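Listing of coords.txt; format and content: compact mmCIF, C-alpha atoms.
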```txt
# COMPACT_ATOMS: atom_id res chain seq x y z
CA MET A 1 72.84 174.28 -39.30
CA TRP A 2 72.75 176.26 -36.06
CA ARG A 3 73.88 176.39 -32.46
CA SER A 4 71.45 176.80 -29.62
CA ARG A 5 71.85 179.80 -27.33
CA ASP A 6 71.28 177.45 -24.40
CA ASN A 7 74.02 175.04 -25.41
CA PRO A 8 76.36 176.50 -28.06
CA ARG A 9 78.71 173.52 -27.76
CA LEU A 10 76.30 171.48 -29.87
CA LEU A 11 76.14 171.86 -33.64
CA MET A 12 72.58 171.15 -34.75
CA MET A 13 71.58 170.10 -38.27
CA HIS A 14 68.29 169.31 -39.99
CA GLY A 15 67.78 168.60 -43.65
CA THR A 16 67.57 166.18 -46.56
CA THR A 17 70.52 164.63 -48.37
CA SER A 18 71.33 161.82 -50.78
CA ALA A 19 74.95 161.03 -49.82
CA TYR A 20 77.63 161.77 -47.25
CA ALA A 21 81.11 160.58 -46.22
CA VAL A 22 82.97 161.75 -43.10
CA GLU A 23 86.08 161.02 -41.03
CA PRO A 24 84.87 162.47 -37.72
CA ASP A 25 88.15 162.94 -35.84
CA GLY A 26 87.24 163.84 -32.28
CA ALA A 27 83.54 164.32 -33.01
CA TYR A 28 80.44 162.32 -32.12
CA ILE A 29 77.47 162.41 -34.49
CA LEU A 30 74.00 161.57 -33.19
CA GLY A 31 71.19 161.37 -35.71
CA LEU A 32 67.52 160.52 -36.12
CA ILE A 33 66.07 159.40 -39.46
CA VAL A 34 62.87 161.36 -40.04
CA ARG A 35 61.92 160.23 -43.57
CA GLY A 36 63.35 157.91 -46.17
CA GLY A 37 65.98 155.24 -45.68
CA LEU A 38 69.76 155.27 -45.26
CA ARG A 39 72.32 152.57 -46.04
CA ALA A 40 75.40 153.32 -43.93
CA ARG A 41 78.89 151.86 -44.22
CA ARG A 42 81.66 151.92 -41.61
CA GLY A 43 84.61 149.74 -42.51
CA ALA A 44 83.26 146.23 -43.06
CA GLU A 45 79.99 147.12 -41.28
CA ARG A 46 76.73 147.70 -43.14
CA HIS A 47 73.66 149.21 -41.50
CA VAL A 48 70.20 150.07 -42.81
CA LEU A 49 68.38 152.86 -41.00
CA ARG A 50 64.69 153.62 -41.38
CA PRO A 51 62.40 156.38 -40.08
CA GLY A 52 62.47 156.46 -36.29
CA ASP A 53 65.93 154.88 -36.07
CA LEU A 54 68.51 156.66 -33.93
CA CYS A 55 72.21 156.34 -34.79
CA VAL A 56 75.29 157.12 -32.72
CA TRP A 57 78.59 157.41 -34.56
CA ASP A 58 81.69 157.59 -32.36
CA PRO A 59 84.87 159.22 -33.73
CA SER A 60 86.85 155.98 -33.99
CA ARG A 61 86.27 155.40 -37.72
CA GLY A 62 84.91 157.12 -40.79
CA HIS A 63 81.52 156.25 -42.24
CA SER A 64 79.43 157.05 -45.30
CA GLY A 65 75.80 156.79 -46.38
CA SER A 66 73.60 156.42 -49.44
CA PRO A 67 69.81 156.24 -49.89
CA TYR A 68 67.96 153.02 -49.15
CA GLY A 69 64.68 152.45 -50.96
CA THR A 70 64.33 156.12 -51.88
CA GLY A 71 66.26 158.93 -53.51
CA ALA A 72 67.17 160.78 -50.32
CA TRP A 73 66.53 160.83 -46.61
CA GLU A 74 65.68 163.48 -44.02
CA ALA A 75 67.50 163.52 -40.70
CA ARG A 76 68.08 165.58 -37.60
CA LEU A 77 71.67 165.58 -36.31
CA MET A 78 73.74 166.70 -33.33
CA VAL A 79 77.50 167.01 -33.67
CA PHE A 80 79.85 167.64 -30.77
CA GLU A 81 83.53 167.19 -30.10
CA LEU A 82 84.78 165.03 -27.25
CA ALA A 83 86.04 167.99 -25.22
CA ASP A 84 82.60 169.57 -25.48
CA LEU A 85 80.94 166.32 -24.45
CA GLU A 86 83.17 166.25 -21.38
CA ALA A 87 82.07 169.75 -20.46
CA ILE A 88 78.39 169.05 -21.17
CA VAL A 89 78.19 165.98 -18.95
CA ALA A 90 80.76 166.90 -16.29
CA ASP A 91 79.33 165.19 -13.25
CA PRO A 92 81.15 163.82 -10.19
CA GLU A 93 78.66 160.95 -10.00
CA ARG A 94 79.12 159.68 -13.53
CA ALA A 95 81.98 159.48 -16.02
CA ALA A 96 81.53 161.05 -19.41
CA PRO A 97 79.68 158.63 -21.68
CA ASP A 98 82.15 157.46 -24.30
CA LEU A 99 79.50 156.21 -26.65
CA GLU A 100 81.09 153.15 -28.21
CA LEU A 101 78.21 150.91 -29.19
CA ARG A 102 78.24 147.45 -30.73
CA ASP A 103 75.65 148.63 -33.26
CA PRO A 104 75.41 152.36 -34.01
CA ARG A 105 71.77 151.87 -34.98
CA ILE A 106 69.33 152.10 -32.08
CA ARG A 107 65.70 151.08 -32.47
CA ASP A 108 64.24 152.39 -29.26
CA PRO A 109 61.15 154.66 -29.55
CA ARG A 110 61.75 156.12 -26.09
CA LEU A 111 65.33 157.19 -26.86
CA ALA A 112 64.27 158.46 -30.29
CA ALA A 113 61.59 160.55 -28.60
CA ARG A 114 64.17 161.95 -26.17
CA PHE A 115 66.43 162.92 -29.06
CA LEU A 116 63.59 164.59 -30.95
CA ALA A 117 62.55 166.51 -27.84
CA VAL A 118 66.11 167.85 -27.39
CA HIS A 119 66.46 168.78 -31.06
CA ARG A 120 63.13 170.59 -31.16
CA ALA A 121 63.87 172.41 -27.91
CA MET A 122 67.08 173.76 -29.43
CA GLU A 123 65.24 175.07 -32.50
CA ARG A 124 63.52 177.73 -30.47
CA GLU A 125 64.13 180.12 -27.64
CA GLY A 126 62.94 178.51 -24.46
CA TRP A 127 63.78 177.67 -20.90
CA THR A 128 67.45 176.73 -20.45
CA LEU A 129 66.63 174.28 -17.68
CA GLU A 130 64.28 172.44 -20.04
CA SER A 131 66.82 171.94 -22.84
CA GLU A 132 69.63 171.03 -20.43
CA THR A 133 67.42 168.49 -18.64
CA LEU A 134 66.32 166.91 -21.91
CA LEU A 135 69.94 166.67 -23.10
CA ALA A 136 71.12 165.13 -19.83
CA ASP A 137 68.32 162.58 -20.00
CA LEU A 138 69.24 161.63 -23.57
CA LEU A 139 72.97 161.23 -22.85
CA ASP A 140 72.23 159.24 -19.71
CA GLY A 141 70.09 156.81 -21.72
CA LEU A 142 72.76 156.46 -24.40
CA ALA A 143 75.51 155.92 -21.83
CA ASP A 144 73.63 152.92 -20.48
CA ARG A 145 74.13 151.24 -23.86
CA SER A 146 77.89 151.81 -24.05
CA LEU A 147 80.16 148.79 -24.39
CA LEU A 148 82.66 150.39 -22.05
CA GLY A 149 82.61 149.25 -18.45
CA ALA A 150 83.00 151.44 -15.39
CA ASP A 151 86.70 150.58 -15.06
CA GLU A 152 87.51 151.58 -18.63
CA LEU A 153 85.50 154.78 -18.36
CA ALA A 154 87.31 155.60 -15.12
CA SER A 155 90.66 154.92 -16.80
CA ARG A 156 89.81 157.27 -19.68
CA ARG A 157 88.69 160.00 -17.33
CA ALA A 158 91.91 159.57 -15.33
CA ALA A 159 93.94 160.00 -18.52
CA ARG A 160 91.97 163.13 -19.46
CA THR A 161 92.61 164.69 -16.07
CA ASP A 162 96.29 163.71 -15.98
CA PRO A 163 98.24 166.98 -15.51
CA ALA A 164 100.60 166.06 -18.35
CA PHE A 165 97.69 165.57 -20.75
CA VAL A 166 96.08 168.82 -19.64
CA ARG A 167 99.36 170.70 -20.18
CA ALA A 168 99.73 169.13 -23.64
CA CYS A 169 96.17 170.11 -24.61
CA ASP A 170 96.73 173.67 -23.39
CA PHE A 171 99.95 173.87 -25.42
CA LEU A 172 98.19 172.65 -28.57
CA SER A 173 95.33 175.08 -28.02
CA ASP A 174 97.73 178.01 -27.55
CA ASN A 175 99.74 177.07 -30.66
CA LEU A 176 97.17 175.89 -33.18
CA ALA A 177 98.63 178.01 -35.96
CA ARG A 178 102.18 176.68 -35.40
CA ASN A 179 103.77 173.58 -36.93
CA ILE A 180 104.96 172.19 -33.60
CA THR A 181 107.07 169.06 -33.10
CA LEU A 182 106.46 166.05 -30.89
CA ASP A 183 109.49 167.04 -28.80
CA GLU A 184 107.95 170.46 -28.17
CA LEU A 185 104.66 168.87 -27.15
CA ALA A 186 106.37 166.40 -24.82
CA ALA A 187 108.44 169.18 -23.25
CA ALA A 188 105.31 171.26 -22.65
CA ALA A 189 103.61 168.23 -21.06
CA GLY A 190 106.66 167.47 -18.93
CA VAL A 191 106.88 163.83 -20.02
CA GLY A 192 108.67 161.78 -22.67
CA ARG A 193 107.64 161.54 -26.33
CA PHE A 194 106.21 158.02 -26.04
CA ARG A 195 104.38 158.86 -22.83
CA VAL A 196 102.59 161.84 -24.39
CA VAL A 197 101.45 159.72 -27.36
CA ARG A 198 100.14 157.03 -25.00
CA LEU A 199 98.30 159.66 -22.96
CA PHE A 200 96.43 160.99 -25.99
CA THR A 201 95.52 157.49 -27.14
CA ALA A 202 94.24 156.58 -23.68
CA ALA A 203 92.38 159.85 -23.14
CA VAL A 204 90.79 160.57 -26.50
CA GLY A 205 91.43 157.49 -28.62
CA MET A 206 93.68 159.23 -31.13
CA PRO A 207 97.32 160.34 -31.43
CA PRO A 208 98.30 163.97 -30.86
CA HIS A 209 98.41 164.97 -34.54
CA ARG A 210 94.83 163.80 -35.16
CA PHE A 211 93.69 165.60 -32.01
CA GLN A 212 95.44 168.73 -33.29
CA ILE A 213 93.62 168.51 -36.63
CA ALA A 214 90.30 168.04 -34.84
CA GLN A 215 90.92 171.18 -32.76
CA ARG A 216 91.94 173.15 -35.84
CA VAL A 217 88.78 172.16 -37.70
CA LYS A 218 86.70 172.96 -34.62
CA LEU A 219 88.17 176.47 -34.39
CA ALA A 220 87.75 176.98 -38.15
CA ARG A 221 84.05 176.10 -37.80
CA ARG A 222 83.57 178.71 -35.10
CA MET A 223 85.38 181.35 -37.14
CA LEU A 224 83.23 180.64 -40.20
CA GLU A 225 80.10 180.80 -38.03
CA ARG A 226 81.14 184.29 -36.92
CA GLY A 227 81.59 185.40 -40.52
CA ALA A 228 85.35 184.97 -41.10
CA GLY A 229 86.48 184.22 -44.64
CA VAL A 230 87.87 180.83 -45.61
CA SER A 231 91.40 182.16 -46.19
CA GLU A 232 91.47 183.87 -42.79
CA ALA A 233 90.18 180.72 -41.07
CA ALA A 234 92.85 178.62 -42.78
CA ALA A 235 95.67 180.99 -41.83
CA ARG A 236 94.64 181.38 -38.20
CA THR A 237 94.11 177.67 -37.55
CA GLY A 238 97.43 176.37 -38.88
CA PHE A 239 96.39 174.98 -42.25
CA PHE A 240 98.85 175.57 -45.07
CA ASP A 241 96.27 177.16 -47.36
CA GLN A 242 92.56 177.13 -48.23
CA SER A 243 92.78 173.80 -50.06
CA HIS A 244 94.39 172.19 -47.01
CA LEU A 245 91.53 173.41 -44.79
CA HIS A 246 89.02 172.40 -47.48
CA ARG A 247 90.30 168.81 -47.51
CA HIS A 248 90.21 168.29 -43.73
CA PHE A 249 86.96 170.22 -43.29
CA ARG A 250 85.19 168.12 -45.89
CA ARG A 251 86.51 164.90 -44.34
CA SER A 252 85.28 165.84 -40.88
CA LEU A 253 81.78 167.08 -41.70
CA GLY A 254 81.08 166.10 -45.30
CA THR A 255 80.86 169.69 -46.52
CA THR A 256 83.26 172.41 -47.63
CA PRO A 257 84.10 175.49 -45.53
CA ARG A 258 82.24 177.76 -47.96
CA GLU A 259 79.15 175.53 -47.99
CA TYR A 260 79.27 175.35 -44.20
CA ALA A 261 79.33 179.13 -43.85
CA ARG A 262 76.44 179.47 -46.31
CA ARG A 263 74.29 176.84 -44.57
CA PHE A 264 75.06 178.40 -41.21
CA GLY A 265 74.17 181.81 -42.56
CA LYS A 266 70.80 181.97 -40.83
CA ASN A 267 70.34 181.10 -37.19
CA VAL A 268 66.99 179.35 -36.72
CA GLN A 269 66.49 180.90 -33.31
CA ASP A 270 66.74 184.55 -34.22
CA GLY A 271 67.09 184.85 -37.99
CA ARG A 272 70.36 186.75 -37.85
CA ALA A 273 72.43 186.29 -41.00
CA LEU A 274 76.19 185.79 -40.93
CA GLN A 275 78.34 188.53 -42.35
CA GLU A 276 79.65 187.67 -45.84
```
This entry written out as structure tokens:
Amino acid sequence: MWRSRDNPRLLMMHGTTSAYAVEPDGAYILGLIVRGGLRARRGAERHVLRPGDLCVWDPSRGHSGSPYGTGAWEARLMVFELADLEAIVADPERAAPDLELRDPRIRDPRLAARFLAVHRAMEREGWTLESETLLADLLDGLADRSLLGADELASRRAARTDPAFVRACDFLSDNLARNITLDELAAAAGVGRFRVVRLFTAAVGMPPHRFQIAQRVKLARRMLERGAGVSEAAARTGFFDQSHLHRHFRRSLGTTPREYARRFGKNVQDGRALQE
């Protein structure tokens, strides 16, 4: 696991596994199967992915995977939260690509090649313009496959830029360690309780409490990447204790906080180890 210097908003992963299960609140997961086969489940859906297949998992539902035709599979992954996606693709000419696809599996050699080019570019130090161009090209190609029409995308962007929603997000961000109430959140946003819930659902597809958990886990990840201990990360991000963080962390990324810190302990770009 690592983050590129050129685009630290993206969490990059590359490795082999034999099972996973995640509830990716607020996070998109893009992956490319390199070797082996994967049988994925999302609700009633079943998907088989083979080498060269690209998959795009939106944060609407949890999903899990097991080997298909082999004991394990190798994959390259990108993980990013919705807020980071908004920042990455901020463009007055195009709304952020909410990647809700009819089938998360994409069999398109050209898009797979774009993904691989981005992933490899972010494994090494290189030209920033190159990696940013490759990423923009990939997201543009994926956005063309989205089920969402221009009107719905425009409606979501309008909700995300609504001043009340922005105030609510700022309040949550400033008070991640506090056990705030819905009344407090609504007061900070300057709207009623029901209105603030509707705004979050329209803007990010989840109620305020799930958005809050997603932001807490996101901050905990960054703290662990910088070498913070699990107990410190739990205390500073509003979780009741280490086991509470452990449970939500594992649900969101399929790994424990301690395992995450260990796997992130060596940056592929410069070899610097995290502090224990």
From the list A:Trp57, A:Arg210, A:His63, A:His248, the nearest residue to Ala21 in chain A using all atoms listed in the file is A:His63
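Shortest atom-to-atom contact with Ser66 in chain A among A:Ser173, A:Asn7, A:Thr16, A:Ser131: A:Thr16, counting all atoms listed in the file.
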Here CA of Gly227 in chain A and CA of Arg263 in chain A stand apart by 12.0 Å
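Note that CA of Phe115 in chain A and CA of Arg35 in chain A are 15.4 Å apart.
Compared by their closest atoms to Lys218 in chain A, and using only C-alpha atoms, the residues A:Phe200, A:Phe80, A:Trp127, A:Phe165 rank with A:Phe80 nearest.
Closest approach to Ala112 in chain A among A:Val166, A:Ala186, A:Val79, A:Val56 is made by A:Val56 (distances from all atoms listed in the file).
You will find CA of Asp144 in chain A at 27.8 Å from CA of Arg5 in chain A.
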Using only C-alpha atoms, the residue out of A:Ala136, A:Leu54, A:Met1, A:Ala44 with shortest distance to Phe264 in chain A is A:Met1
>> Residues within 12 Å of (74.6, 162.1, -31.8), file coordinates, counting all atoms listed in the file: what are they? Give the list as a PyMOL selection string.
In response: chain A and resi 10-13+24+27-33+54-59+75-82+85+97-100+104-106+111-112+114-116+118-119+135+138-139+142-143
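For the residues A:Asp140, A:Glu74, A:Glu123, A:Glu232, ranking by smallest atom-to-atom distance to Leu49 in chain A using only C-alpha atoms places A:Glu74 first.
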Can you pull out the residues contacting Val217 in chain A? Cut-off 8 Å, using all atoms listed in the file, and skip same-chain residues under 6 positions away; I want them as a PyMOL selection string.
chain A and resi 237+245+248-249+252
task: Using all atoms listed in the file, give me every residue within 9 Å of (66.1, 177.5, -28.2) in file coordinates, as a list in words.
output: Arg3, Ser4, Arg5, Asp6, Asn7, Arg120, Ala121, Met122, Glu123, Arg124, Glu125, Gly126, Trp127, Thr128, Ser131, Val268 and Gln269 of chain A
Enclose range 227-243 of chain A, meaning all of its atoms listed in the file, in a box aligned along x, y and z, pad it by 4 Å on each side, and list the centre and edge lengths in Å to one decimal, as JSON.
```
{"center_x": 90.2, "center_y": 179.6, "center_z": -43.8, "size_x": 25.3, "size_y": 19.6, "size_z": 20.5}
```
